[in-house]
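Visitor: This is input-v9.cif, which holds mmCIF, C-alpha atoms and all ligand atoms:
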```
data_structure
#
loop_
_atom_site.label_atom_id
_atom_site.label_comp_id
_atom_site.auth_asym_id
_atom_site.auth_seq_id
_atom_site.Cartn_x
_atom_site.Cartn_y
_atom_site.Cartn_z
CA MET H 335 6.05 26.27 2.54
CA ASP H 336 7.42 25.00 5.84
CA LEU H 337 6.94 21.25 5.76
CA GLY H 338 7.76 20.94 9.46
CA LEU H 339 9.94 17.89 8.87
CA ASN H 340 12.89 19.21 10.85
CA ASN H 341 14.46 16.43 12.98
CA LYS H 342 11.84 13.81 11.98
CA LEU H 343 13.07 10.21 12.04
CA VAL H 344 12.76 8.86 8.50
CA LEU H 345 13.39 5.35 7.18
CA VAL H 346 14.05 5.00 3.45
CA VAL H 347 14.17 1.41 2.19
CA GLY H 348 15.96 1.27 -1.17
CA ALA H 349 17.95 4.42 -0.59
CA SER H 350 21.25 4.09 -2.43
CA LYS H 351 20.37 4.97 -6.03
CA GLY H 352 17.96 6.76 -8.29
CA ILE H 353 14.61 7.78 -6.86
CA GLY H 354 15.42 6.51 -3.35
CA ARG H 355 18.63 8.51 -3.25
CA GLY H 356 16.74 11.57 -4.45
CA ILE H 357 14.25 11.02 -1.63
CA VAL H 358 17.07 10.81 0.94
CA LYS H 359 18.49 14.09 -0.39
CA GLY H 360 15.06 15.73 -0.12
CA PHE H 361 14.68 14.66 3.53
CA ALA H 362 18.26 15.78 4.20
CA GLU H 363 17.43 19.26 2.91
CA GLU H 364 14.55 19.27 5.43
CA HIS H 365 17.08 18.44 8.20
CA CYS H 366 15.64 15.04 9.04
CA ARG H 367 17.29 12.15 10.86
CA ILE H 368 17.60 9.52 8.17
CA VAL H 369 18.07 5.75 8.27
CA ALA H 370 18.87 4.37 4.82
CA ILE H 371 18.65 0.76 3.69
CA ALA H 372 20.03 -0.98 0.61
CA ARG H 373 22.35 -3.84 -0.32
CA SER H 374 25.39 -1.83 -1.50
CA GLU H 375 27.42 -0.38 1.36
CA ASP H 376 29.63 1.77 -0.87
CA LEU H 377 26.58 3.46 -2.41
CA LEU H 378 24.97 3.93 1.01
CA LYS H 379 28.14 5.71 2.13
CA GLU H 380 28.05 7.96 -0.96
CA THR H 381 24.38 8.67 -0.28
CA GLY H 382 25.30 9.56 3.30
CA LYS H 383 27.94 12.03 2.22
CA GLU H 384 25.43 13.69 -0.10
CA ALA H 385 22.81 13.72 2.69
CA CYS H 386 25.16 15.28 5.25
CA ASP H 387 26.25 17.94 2.72
CA ALA H 388 22.57 18.66 2.06
CA GLY H 389 21.82 19.26 5.75
CA ALA H 390 20.68 15.93 7.28
CA ALA H 391 20.38 16.16 11.07
CA GLU H 392 21.67 12.58 11.22
CA TYR H 393 22.41 9.88 8.65
CA HIS H 394 22.66 6.17 9.44
CA TYR H 395 22.63 3.22 7.12
CA GLU H 396 21.98 -0.49 7.40
CA VAL H 397 23.03 -2.96 4.73
CA ALA H 398 20.18 -5.40 4.14
CA ASP H 399 18.65 -7.39 1.31
CA ILE H 400 14.89 -7.36 1.85
CA MET H 401 14.50 -10.34 -0.49
CA GLU H 402 16.87 -12.47 1.57
CA CYS H 403 16.47 -11.40 5.19
CA ASN H 404 13.58 -11.86 7.61
CA THR H 405 11.91 -8.48 7.02
CA GLN H 406 9.97 -8.50 10.30
CA GLU H 407 13.19 -9.15 12.22
CA LEU H 408 14.85 -6.33 10.29
CA ALA H 409 12.01 -3.95 11.20
CA HIS H 410 12.20 -4.94 14.90
CA ARG H 411 15.97 -4.39 14.87
CA LEU H 412 15.54 -0.94 13.33
CA ILE H 413 12.98 0.12 15.95
CA ASP H 414 15.14 -1.25 18.80
CA LYS H 415 18.14 0.70 17.49
CA TYR H 416 16.57 3.97 16.33
CA GLY H 417 13.11 4.13 17.95
CA ALA H 418 9.69 4.38 16.28
CA PHE H 419 9.84 6.13 12.91
CA ASP H 420 7.89 9.26 12.05
CA VAL H 421 8.08 8.48 8.32
CA VAL H 422 8.76 5.30 6.35
CA VAL H 423 9.35 5.32 2.60
CA HIS H 424 9.34 1.99 0.77
CA ASN H 425 11.11 2.51 -2.53
CA VAL H 426 12.44 -0.95 -3.47
CA GLY H 427 10.99 -2.32 -6.70
CA THR H 428 11.75 -2.93 -10.33
CA SER H 429 10.17 -3.85 -13.63
CA LEU H 430 13.25 -5.98 -14.33
CA VAL H 431 11.55 -9.18 -13.21
CA SER H 432 10.36 -12.07 -15.39
CA ARG H 433 8.21 -10.87 -18.28
CA ASN H 434 6.75 -14.34 -18.85
CA HIS H 435 3.00 -13.86 -18.45
CA LEU H 436 2.59 -17.65 -18.48
CA GLY H 437 5.40 -18.23 -16.01
CA PRO H 438 5.10 -20.26 -12.79
CA ALA H 439 3.85 -18.99 -9.43
CA GLU H 440 7.47 -18.69 -8.32
CA ASP H 441 8.02 -15.84 -10.82
CA TRP H 442 4.84 -14.08 -9.69
CA PHE H 443 5.73 -14.46 -6.01
CA HIS H 444 9.17 -13.01 -6.71
CA ALA H 445 7.75 -9.94 -8.50
CA LEU H 446 5.11 -9.46 -5.80
CA LYS H 447 7.57 -9.78 -2.93
CA LEU H 448 10.08 -7.37 -4.48
CA ASN H 449 7.51 -4.76 -5.48
CA ALA H 450 5.08 -5.01 -2.57
CA VAL H 451 5.04 -7.81 -0.03
CA ALA H 452 8.50 -7.39 1.53
CA ALA H 453 7.53 -3.80 2.38
CA ILE H 454 4.10 -4.88 3.61
CA ASP H 455 5.78 -7.41 5.91
CA MET H 456 7.93 -4.61 7.38
CA ASN H 457 4.80 -2.49 7.85
CA SER H 458 3.34 -5.17 10.14
CA VAL H 459 6.08 -4.18 12.61
CA LEU H 460 6.67 -0.51 11.73
CA ILE H 461 3.04 0.68 11.79
CA PRO H 462 1.82 -0.46 15.27
CA PRO H 463 4.15 1.96 17.14
CA MET H 464 2.87 4.74 14.87
CA ILE H 465 -0.72 3.83 15.78
CA GLU H 466 0.26 3.95 19.46
CA ARG H 467 1.63 7.48 18.95
CA LYS H 468 -1.41 8.40 16.82
CA SER H 469 0.87 9.71 14.11
CA GLY H 470 2.97 8.47 11.20
CA ARG H 471 3.46 8.48 7.46
CA VAL H 472 4.06 5.36 5.36
CA ILE H 473 4.74 6.11 1.70
CA HIS H 474 5.19 3.48 -1.00
CA ILE H 475 6.74 4.09 -4.38
CA SER H 476 4.40 2.35 -6.80
CA SER H 477 4.32 3.04 -10.55
CA ILE H 478 2.03 4.53 -13.14
CA SER H 479 2.12 1.00 -14.60
CA ALA H 480 -0.35 0.13 -11.84
CA LYS H 481 -2.89 2.44 -13.46
CA MET H 482 -2.04 2.04 -17.15
CA LEU H 483 -1.62 -1.75 -16.79
CA ARG H 484 0.75 -2.20 -19.70
CA GLY H 485 4.40 -3.16 -20.09
CA ASN H 486 5.64 -6.10 -18.01
CA PRO H 487 2.49 -7.90 -16.71
CA LEU H 488 4.21 -9.20 -13.56
CA TYR H 489 5.46 -5.72 -12.67
CA ALA H 490 2.20 -3.92 -13.47
CA SER H 491 0.17 -6.50 -11.52
CA SER H 492 2.50 -6.26 -8.51
CA LYS H 493 2.29 -2.47 -8.43
CA GLU H 494 -1.49 -2.61 -8.86
CA PHE H 495 -1.61 -5.00 -5.89
CA LEU H 496 0.48 -2.47 -3.94
CA CYS H 497 -1.94 0.35 -4.83
CA ALA H 498 -4.90 -1.81 -3.73
CA TYR H 499 -3.09 -2.44 -0.44
CA VAL H 500 -2.57 1.31 0.02
CA THR H 501 -6.24 2.06 -0.65
CA THR H 502 -7.75 -0.71 1.48
CA VAL H 503 -5.31 -0.68 4.40
CA GLY H 504 -4.94 3.10 4.20
CA ARG H 505 -8.70 3.42 4.84
CA GLN H 506 -8.40 1.15 7.91
CA LEU H 507 -5.54 3.29 9.20
CA ALA H 508 -7.11 6.67 8.40
CA PRO H 509 -8.81 7.17 11.81
CA THR H 510 -5.63 6.19 13.69
CA GLY H 511 -3.52 9.17 12.64
CA VAL H 512 -1.31 7.01 10.41
CA LEU H 513 -1.38 8.04 6.77
CA LEU H 514 -0.62 5.35 4.18
CA CYS H 515 -0.24 6.47 0.57
CA SER H 516 1.81 5.99 -2.59
CA VAL H 517 3.36 7.89 -5.44
CA MET H 518 3.00 6.39 -8.93
CA PRO H 519 5.94 7.71 -10.96
CA GLY H 520 6.07 7.76 -14.73
CA ALA H 521 9.42 7.07 -16.41
CA VAL H 522 12.25 8.68 -14.47
CA ALA H 523 15.84 8.86 -15.73
CA PHE H 524 19.08 9.40 -13.82
CA GLU H 525 22.72 8.33 -14.04
CA GLY H 526 22.70 4.53 -14.31
CA SER H 527 18.92 4.20 -14.78
CA TYR H 528 17.31 1.89 -17.34
CA TRP H 529 16.75 4.80 -19.73
CA ASP H 530 20.11 6.47 -19.15
CA LYS H 531 22.09 4.39 -21.62
CA PHE H 532 19.48 4.86 -24.37
CA VAL H 533 19.46 8.63 -23.79
CA LYS H 534 23.27 8.76 -23.96
CA GLU H 535 23.31 6.69 -27.18
CA GLY H 536 20.60 8.94 -28.71
CA HIS H 537 18.65 5.72 -29.28
CA PRO H 538 15.38 6.11 -31.28
CA ARG H 539 13.52 4.18 -28.53
CA VAL H 540 13.72 7.29 -26.38
CA HIS H 541 11.84 9.55 -28.80
CA GLU H 542 9.39 6.75 -29.59
CA PHE H 543 8.64 6.09 -25.90
CA LEU H 544 8.36 9.70 -24.86
CA SER H 545 6.24 10.82 -27.81
CA GLN H 546 3.86 7.89 -27.39
CA HIS H 547 3.68 7.58 -23.62
CA GLN H 548 4.81 10.66 -21.74
CA ALA H 549 3.05 13.80 -22.97
CA VAL H 550 5.52 16.13 -21.27
CA ASN H 551 8.07 14.66 -23.74
CA ARG H 552 10.87 14.17 -21.25
CA PHE H 553 11.78 11.87 -18.39
CA GLY H 554 11.08 12.80 -14.81
CA THR H 555 13.84 13.31 -12.25
CA PRO H 556 14.26 11.71 -8.81
CA GLU H 557 13.85 15.19 -7.32
CA GLU H 558 10.40 15.57 -8.92
CA ILE H 559 9.27 12.33 -7.24
CA ALA H 560 10.96 13.28 -3.95
CA ASN H 561 9.10 16.62 -3.84
CA VAL H 562 5.76 14.82 -3.68
CA VAL H 563 7.05 12.28 -1.15
CA LEU H 564 8.19 15.16 1.10
CA PHE H 565 4.76 16.75 0.93
CA MET H 566 3.12 13.39 1.76
CA ALA H 567 5.52 12.97 4.69
CA SER H 568 4.62 16.37 6.12
CA SER H 569 1.63 17.39 8.23
CA LYS H 570 0.38 19.31 5.14
CA SER H 571 -0.89 16.00 3.69
CA SER H 572 -3.35 15.54 6.56
CA PHE H 573 -6.37 14.91 4.27
CA MET H 574 -4.60 12.56 1.81
CA GLN H 575 -5.15 9.16 3.46
CA ALA H 576 -5.12 5.99 1.33
CA THR H 577 -4.28 7.73 -1.89
CA ASN H 578 -2.15 6.74 -4.90
CA ILE H 579 -0.88 9.87 -6.64
CA PRO H 580 0.43 9.85 -10.24
CA VAL H 581 3.58 11.91 -10.80
CA ASP H 582 4.10 10.95 -14.41
CA GLY H 583 4.49 13.83 -16.87
CA ALA H 584 1.01 13.01 -18.24
CA ASN H 585 1.54 9.35 -18.99
CA MET H 586 -0.65 8.10 -21.85
N1 LIG H 601 12.81 4.70 -12.60
C1 LIG H 601 11.59 4.72 -13.12
O1 LIG H 601 11.39 5.10 -14.28
C2 LIG H 601 10.41 4.27 -12.31
C3 LIG H 601 9.12 4.47 -12.83
C4 LIG H 601 8.02 4.07 -12.07
C5 LIG H 601 8.20 3.50 -10.83
N2 LIG H 601 9.46 3.31 -10.35
C6 LIG H 601 9.60 2.70 -9.02
O2 LIG H 601 10.40 3.55 -8.22
C7 LIG H 601 11.20 2.75 -7.32
C8 LIG H 601 12.67 3.12 -7.49
O3 LIG H 601 13.03 2.95 -8.85
P1 LIG H 601 14.51 3.28 -9.36
O4 LIG H 601 14.42 3.28 -10.85
O5 LIG H 601 15.07 4.42 -8.64
O6 LIG H 601 15.25 1.90 -8.90
P2 LIG H 601 16.79 1.55 -8.73
O7 LIG H 601 17.67 2.55 -9.39
O8 LIG H 601 16.93 0.12 -9.12
O9 LIG H 601 16.99 1.69 -7.14
C9 LIG H 601 16.36 0.79 -6.28
C10 LIG H 601 16.88 1.00 -4.87
O10 LIG H 601 16.48 -0.11 -4.06
C11 LIG H 601 17.62 -0.83 -3.56
N3 LIG H 601 17.29 -2.25 -3.59
C12 LIG H 601 17.01 -3.01 -4.67
N4 LIG H 601 16.77 -4.26 -4.31
C13 LIG H 601 16.91 -4.32 -2.97
C14 LIG H 601 16.79 -5.35 -2.01
N5 LIG H 601 16.49 -6.60 -2.36
N6 LIG H 601 17.00 -5.07 -0.70
C15 LIG H 601 17.32 -3.80 -0.31
N7 LIG H 601 17.44 -2.77 -1.19
C16 LIG H 601 17.25 -3.03 -2.50
C17 LIG H 601 18.76 -0.43 -4.51
O11 LIG H 601 20.02 -0.45 -3.89
P3 LIG H 601 21.02 -1.70 -3.90
O12 LIG H 601 21.13 -2.17 -5.31
O13 LIG H 601 22.26 -1.12 -3.32
O14 LIG H 601 20.38 -2.72 -3.01
C18 LIG H 601 18.40 1.02 -4.79
O15 LIG H 601 18.81 1.84 -3.75
C19 LIG H 601 10.87 1.30 -7.64
O16 LIG H 601 9.88 0.84 -6.75
C20 LIG H 601 10.32 1.37 -9.05
O17 LIG H 601 9.44 0.31 -9.34
C21 LIG H 601 10.56 3.69 -11.04
#
```
Please render this file's structure as structure tokens.
Guide:
Amino acid sequence: MDLGLNNKLVLVVGASKGIGRGIVKGFAEEHCRIVAIARSEDLLKETGKEACDAGAAEYHYEVADIMECNTQELAHRLIDKYGAFDVVVHNVGTSLVSRNHLGPAEDWFHALKLNAVAAIDMNSVLIPPMIERKSGRVIHISSISAKMLRGNPLYASSKEFLCAYVTTVGRQLAPTGVLLCSVMPGAVAFEGSYWDKFVKEGHPRVHEFLSQHQAVNRFGTPEEIANVVLFMASSKSSFMQATNIPVDGANM
């Protein structure tokens, strides 16, 4: 299937590791022009080498911490430097936030900002030029936790908030030509991931988790998430507005 992504200008926020890096590689294989954001410059350079080897039309990176910087200013700077984006992928997020369900608002704000609101703030700047051009794709990486609502309550609630944002705002955007959607991954493993060390140790938690929660009985790969993101980013997704798609090996 020709996804028609050749030469598209793609922003990936949270691009240096894991799923985000897999997404960059996927867009590189489609010969896109990629702008990658993360905090670690050395990893962004490694990602760039991989992307160029895979066929990226262009690869640029910007070192930024979206929890520390003014995210609207960052978005303005990116547009001034690179132009309006065809595709934006927001991948930053983690379940490794406070697990204290009776914790203070500060903990909840932190989890919400990291998993949803920092990206939403960037969208306030990145989406209007897409509306003007009557075309664009904004894809968030949520989590199947948003649907199953178990595990860390602060993480699951933040991702559920993100999915609600995608549904409600995605409907508003649907007539404009801008498609807002998300992927909800199940557990994904890769070198350096949360699960990686348990897999390498042959830890019993791995069998326990997979047999109880992931019917496919294995972890997903960044590439399996990237494949769906690429489809969403293409014109082939033209009837998929405001949707949150599970890619989770039959999470249960
Ligand atoms: N892995 C899973 O099993 C799984 C399952 C469901 C959903 N998800 C979701 O998928 C997304 C990616 O997960 P992952 O496991 O691949 O995460 P990861 O390995 O921790 O990678 C996160 C990426 O975001 C960047 N990042 C983190 N904090 C940042 C910040 N403050 N500012 C800018 N960049 C930042 C990281 O690079 P730097 O450290 O260099 O900044 C890295 O490139 C997350 O939203 C996660 O919630 C993952």
Visitor: Any idea what's packed within 8 Å of H:Val369, counting only C-alpha atoms, ignoring anything in its chain fewer than 6 positions away? Could you give it as a list in words?
Guide: Leu343, Val344, Leu345, Val346, Tyr393, His394, Tyr395 and Glu396 of chain H
Visitor: Between H:Val503, H:Val459, H:Leu496, H:Ala567, which has the minimum distance to ligand LIG 601 (chain H) (counting only C-alpha atoms and all ligand atoms)?
Guide: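 Of H:Val503, H:Val459, H:Leu496, H:Ala567, the one nearest ligand LIG 601 (chain H) is H:Leu496, counting only C-alpha atoms and all ligand atoms.
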Visitor: Do you know which residues are within 8 Å of ligand LIG 601 (chain H) using only C-alpha atoms and all ligand atoms? Can you write them as a PyMOL selection string?
Guide: chain H and resi 347-355+371-375+377-378+397-402+424-429+448-449+474-479+489+493+518-524+526-529+553-554+556
Visitor: Please dump the current selection as a short mmCIF file (atom, residue, chain, number, x, y, z; two decimals), keeping the file's coordinate frame; keep C-alpha atoms.
Guide:
```
data_model
loop_
_atom_site.label_atom_id
_atom_site.label_comp_id
_atom_site.auth_asym_id
_atom_site.auth_seq_id
_atom_site.Cartn_x
_atom_site.Cartn_y
_atom_site.Cartn_z
CA VAL H 347 14.17 1.41 2.19
CA GLY H 348 15.96 1.27 -1.17
CA ALA H 349 17.95 4.42 -0.59
CA SER H 350 21.25 4.09 -2.43
CA LYS H 351 20.37 4.97 -6.03
CA GLY H 352 17.96 6.76 -8.29
CA ILE H 353 14.61 7.78 -6.86
CA GLY H 354 15.42 6.51 -3.35
CA ARG H 355 18.63 8.51 -3.25
CA ILE H 371 18.65 0.76 3.69
CA ALA H 372 20.03 -0.98 0.61
CA ARG H 373 22.35 -3.84 -0.32
CA SER H 374 25.39 -1.83 -1.50
CA GLU H 375 27.42 -0.38 1.36
CA LEU H 377 26.58 3.46 -2.41
CA LEU H 378 24.97 3.93 1.01
CA VAL H 397 23.03 -2.96 4.73
CA ALA H 398 20.18 -5.40 4.14
CA ASP H 399 18.65 -7.39 1.31
CA ILE H 400 14.89 -7.36 1.85
CA MET H 401 14.50 -10.34 -0.49
CA GLU H 402 16.87 -12.47 1.57
CA HIS H 424 9.34 1.99 0.77
CA ASN H 425 11.11 2.51 -2.53
CA VAL H 426 12.44 -0.95 -3.47
CA GLY H 427 10.99 -2.32 -6.70
CA THR H 428 11.75 -2.93 -10.33
CA SER H 429 10.17 -3.85 -13.63
CA LEU H 448 10.08 -7.37 -4.48
CA ASN H 449 7.51 -4.76 -5.48
CA HIS H 474 5.19 3.48 -1.00
CA ILE H 475 6.74 4.09 -4.38
CA SER H 476 4.40 2.35 -6.80
CA SER H 477 4.32 3.04 -10.55
CA ILE H 478 2.03 4.53 -13.14
CA SER H 479 2.12 1.00 -14.60
CA TYR H 489 5.46 -5.72 -12.67
CA LYS H 493 2.29 -2.47 -8.43
CA MET H 518 3.00 6.39 -8.93
CA PRO H 519 5.94 7.71 -10.96
CA GLY H 520 6.07 7.76 -14.73
CA ALA H 521 9.42 7.07 -16.41
CA VAL H 522 12.25 8.68 -14.47
CA ALA H 523 15.84 8.86 -15.73
CA PHE H 524 19.08 9.40 -13.82
CA GLY H 526 22.70 4.53 -14.31
CA SER H 527 18.92 4.20 -14.78
CA TYR H 528 17.31 1.89 -17.34
CA TRP H 529 16.75 4.80 -19.73
CA PHE H 553 11.78 11.87 -18.39
CA GLY H 554 11.08 12.80 -14.81
CA PRO H 556 14.26 11.71 -8.81
#
```
Visitor: Could you list, as a PyMOL selection string, every residue within 8 Å of stretch 405-420 of chain H, counting all atoms listed in the file and ignoring same-chain residues fewer than 5 positions away?
Guide: chain H and resi 342-345+400+452-453+455-456+458-460+463-464+469-471
Visitor: Atom CA of H:Val423 to atom CA of H:Val472: how many Å, to one decimal?
Guide: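 Separating atom CA of H:Val423 from atom CA of H:Val472 is a distance of 6.0 Å.
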Visitor: Pick out the residues sitting within 10 Å of H:Asn434, and hand them over as number ranges by chain; count all atoms listed in the file, and ignore anything fewer than 4 positions along from it in its own chain.
Guide: H: 438, 441-442, 486-488
Visitor: Measuring atom to atom with all atoms listed in the file, identify which of H:Ala362, H:Cys515, H:Leu446, H:Glu525 is nearest to H:Glu494.
Guide: H:Leu446
Visitor: Mind giving me the straight-line distance from atom CA of H:Thr555 to atom CA of H:Lys379 in Å, one decimal?
Guide: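 Separating atom CA of H:Thr555 from atom CA of H:Lys379 is a distance of 21.7 Å.
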Visitor: Could you name the residues that touch H:Phe565 at 12 Å or less, counting only C-alpha atoms, but leaving out those on the same chain fewer than 3 positions away, as a PyMOL selection string?
Guide: chain H and resi 335-339+357+360-361+364+421+471+473+515-517+558-562+568-574+579
Visitor: For a test of reading the model, state the distance in Å between atom CA of H:Gly356 and atom CA of H:Glu384, rounded to one decimal.
Guide: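 So the answer is 9.9 Å.
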Visitor: From the options H:Ala508, H:Glu392, H:Gly485, H:Val451, which residue's atoms come nearest to H:Phe543, counting all atoms listed in the file?
Guide: H:Gly485
Visitor: Please determine, counting all atoms listed in the file, which residue among H:Val581, H:Val358, H:Ala390, H:Ala450 has the shortest atom-to-atom distance to H:Ala490.
Guide: H:Ala450
Visitor: Pick from H:Ala385, H:Ala480, H:Val431, H:His547: nearest to H:Ala445, with only C-alpha atoms counted?
Guide: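 Of the candidates, the smallest distance to H:Ala445 is held by H:Val431.
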Visitor: Please determine, counting only C-alpha atoms, which residue among H:Glu535, H:Ala576, H:Cys366, H:Val563 has the shortest atom-to-atom distance to H:Pro509.
Guide: H:Ala576
Visitor: Any chance you could build stretch 440-462 of chain H out to N, CA and C atoms and write it as a PDB file, in the frame of the given file?
Guide:
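The result, written out as part.pdb:
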```
ATOM      1  N   GLU H 440       6.203 -19.157  -8.884  1.00  0.00           N
ATOM      2  CA  GLU H 440       7.470 -18.690  -8.320  1.00  0.00           C
ATOM      3  C   GLU H 440       7.853 -17.303  -8.876  1.00  0.00           C
ATOM      4  N   ASP H 441       7.688 -17.133 -10.202  1.00  0.00           N
ATOM      5  CA  ASP H 441       8.020 -15.840 -10.820  1.00  0.00           C
ATOM      6  C   ASP H 441       7.100 -14.729 -10.308  1.00  0.00           C
ATOM      7  N   TRP H 442       5.810 -15.077 -10.167  1.00  0.00           N
ATOM      8  CA  TRP H 442       4.840 -14.080  -9.690  1.00  0.00           C
ATOM      9  C   TRP H 442       5.100 -13.718  -8.241  1.00  0.00           C
ATOM     10  N   PHE H 443       5.432 -14.734  -7.419  1.00  0.00           N
ATOM     11  CA  PHE H 443       5.730 -14.460  -6.010  1.00  0.00           C
ATOM     12  C   PHE H 443       6.954 -13.553  -5.893  1.00  0.00           C
ATOM     13  N   HIS H 444       7.950 -13.816  -6.751  1.00  0.00           N
ATOM     14  CA  HIS H 444       9.170 -13.010  -6.710  1.00  0.00           C
ATOM     15  C   HIS H 444       8.847 -11.539  -7.008  1.00  0.00           C
ATOM     16  N   ALA H 445       8.100 -11.321  -8.103  1.00  0.00           N
ATOM     17  CA  ALA H 445       7.750  -9.940  -8.500  1.00  0.00           C
ATOM     18  C   ALA H 445       6.921  -9.264  -7.411  1.00  0.00           C
ATOM     19  N   LEU H 446       5.983 -10.023  -6.846  1.00  0.00           N
ATOM     20  CA  LEU H 446       5.110  -9.460  -5.800  1.00  0.00           C
ATOM     21  C   LEU H 446       5.881  -9.125  -4.532  1.00  0.00           C
ATOM     22  N   LYS H 447       6.800 -10.019  -4.160  1.00  0.00           N
ATOM     23  CA  LYS H 447       7.570  -9.780  -2.930  1.00  0.00           C
ATOM     24  C   LYS H 447       8.454  -8.555  -3.102  1.00  0.00           C
ATOM     25  N   LEU H 448       9.132  -8.472  -4.245  1.00  0.00           N
ATOM     26  CA  LEU H 448      10.080  -7.370  -4.480  1.00  0.00           C
ATOM     27  C   LEU H 448       9.361  -6.025  -4.584  1.00  0.00           C
ATOM     28  N   ASN H 449       8.203  -6.024  -5.214  1.00  0.00           N
ATOM     29  CA  ASN H 449       7.510  -4.760  -5.480  1.00  0.00           C
ATOM     30  C   ASN H 449       6.464  -4.385  -4.428  1.00  0.00           C
ATOM     31  N   ALA H 450       6.141  -5.327  -3.538  1.00  0.00           N
ATOM     32  CA  ALA H 450       5.080  -5.010  -2.570  1.00  0.00           C
ATOM     33  C   ALA H 450       5.212  -5.741  -1.241  1.00  0.00           C
ATOM     34  N   VAL H 451       5.299  -7.042  -1.264  1.00  0.00           N
ATOM     35  CA  VAL H 451       5.040  -7.810  -0.030  1.00  0.00           C
ATOM     36  C   VAL H 451       6.164  -7.708   0.998  1.00  0.00           C
ATOM     37  N   ALA H 452       7.407  -7.557   0.546  1.00  0.00           N
ATOM     38  CA  ALA H 452       8.500  -7.390   1.530  1.00  0.00           C
ATOM     39  C   ALA H 452       8.254  -6.124   2.346  1.00  0.00           C
ATOM     40  N   ALA H 453       7.826  -5.071   1.679  1.00  0.00           N
ATOM     41  CA  ALA H 453       7.530  -3.800   2.380  1.00  0.00           C
ATOM     42  C   ALA H 453       6.317  -3.965   3.295  1.00  0.00           C
ATOM     43  N   ILE H 454       5.314  -4.672   2.808  1.00  0.00           N
ATOM     44  CA  ILE H 454       4.100  -4.880   3.610  1.00  0.00           C
ATOM     45  C   ILE H 454       4.444  -5.660   4.882  1.00  0.00           C
ATOM     46  N   ASP H 455       5.348  -6.629   4.743  1.00  0.00           N
ATOM     47  CA  ASP H 455       5.780  -7.410   5.910  1.00  0.00           C
ATOM     48  C   ASP H 455       6.463  -6.486   6.927  1.00  0.00           C
ATOM     49  N   MET H 456       7.285  -5.571   6.457  1.00  0.00           N
ATOM     50  CA  MET H 456       7.930  -4.610   7.380  1.00  0.00           C
ATOM     51  C   MET H 456       6.881  -3.732   8.051  1.00  0.00           C
ATOM     52  N   ASN H 457       5.851  -3.349   7.284  1.00  0.00           N
ATOM     53  CA  ASN H 457       4.800  -2.490   7.850  1.00  0.00           C
ATOM     54  C   ASN H 457       4.111  -3.145   9.042  1.00  0.00           C
ATOM     55  N   SER H 458       4.033  -4.490   9.027  1.00  0.00           N
ATOM     56  CA  SER H 458       3.340  -5.170  10.140  1.00  0.00           C
ATOM     57  C   SER H 458       4.042  -4.884  11.462  1.00  0.00           C
ATOM     58  N   VAL H 459       5.318  -4.519  11.395  1.00  0.00           N
ATOM     59  CA  VAL H 459       6.080  -4.180  12.610  1.00  0.00           C
ATOM     60  C   VAL H 459       6.221  -2.660  12.777  1.00  0.00           C
ATOM     61  N   LEU H 460       6.375  -1.955  11.658  1.00  0.00           N
ATOM     62  CA  LEU H 460       6.670  -0.510  11.730  1.00  0.00           C
ATOM     63  C   LEU H 460       5.437   0.334  12.043  1.00  0.00           C
ATOM     64  N   ILE H 461       4.248  -0.147  11.629  1.00  0.00           N
ATOM     65  CA  ILE H 461       3.040   0.680  11.790  1.00  0.00           C
ATOM     66  C   ILE H 461       2.465   0.669  13.215  1.00  0.00           C
ATOM     67  N   PRO H 462       2.429  -0.491  13.933  1.00  0.00           N
ATOM     68  CA  PRO H 462       1.820  -0.460  15.270  1.00  0.00           C
ATOM     69  C   PRO H 462       2.370   0.625  16.214  1.00  0.00           C
TER      70      PRO H 462
END
```
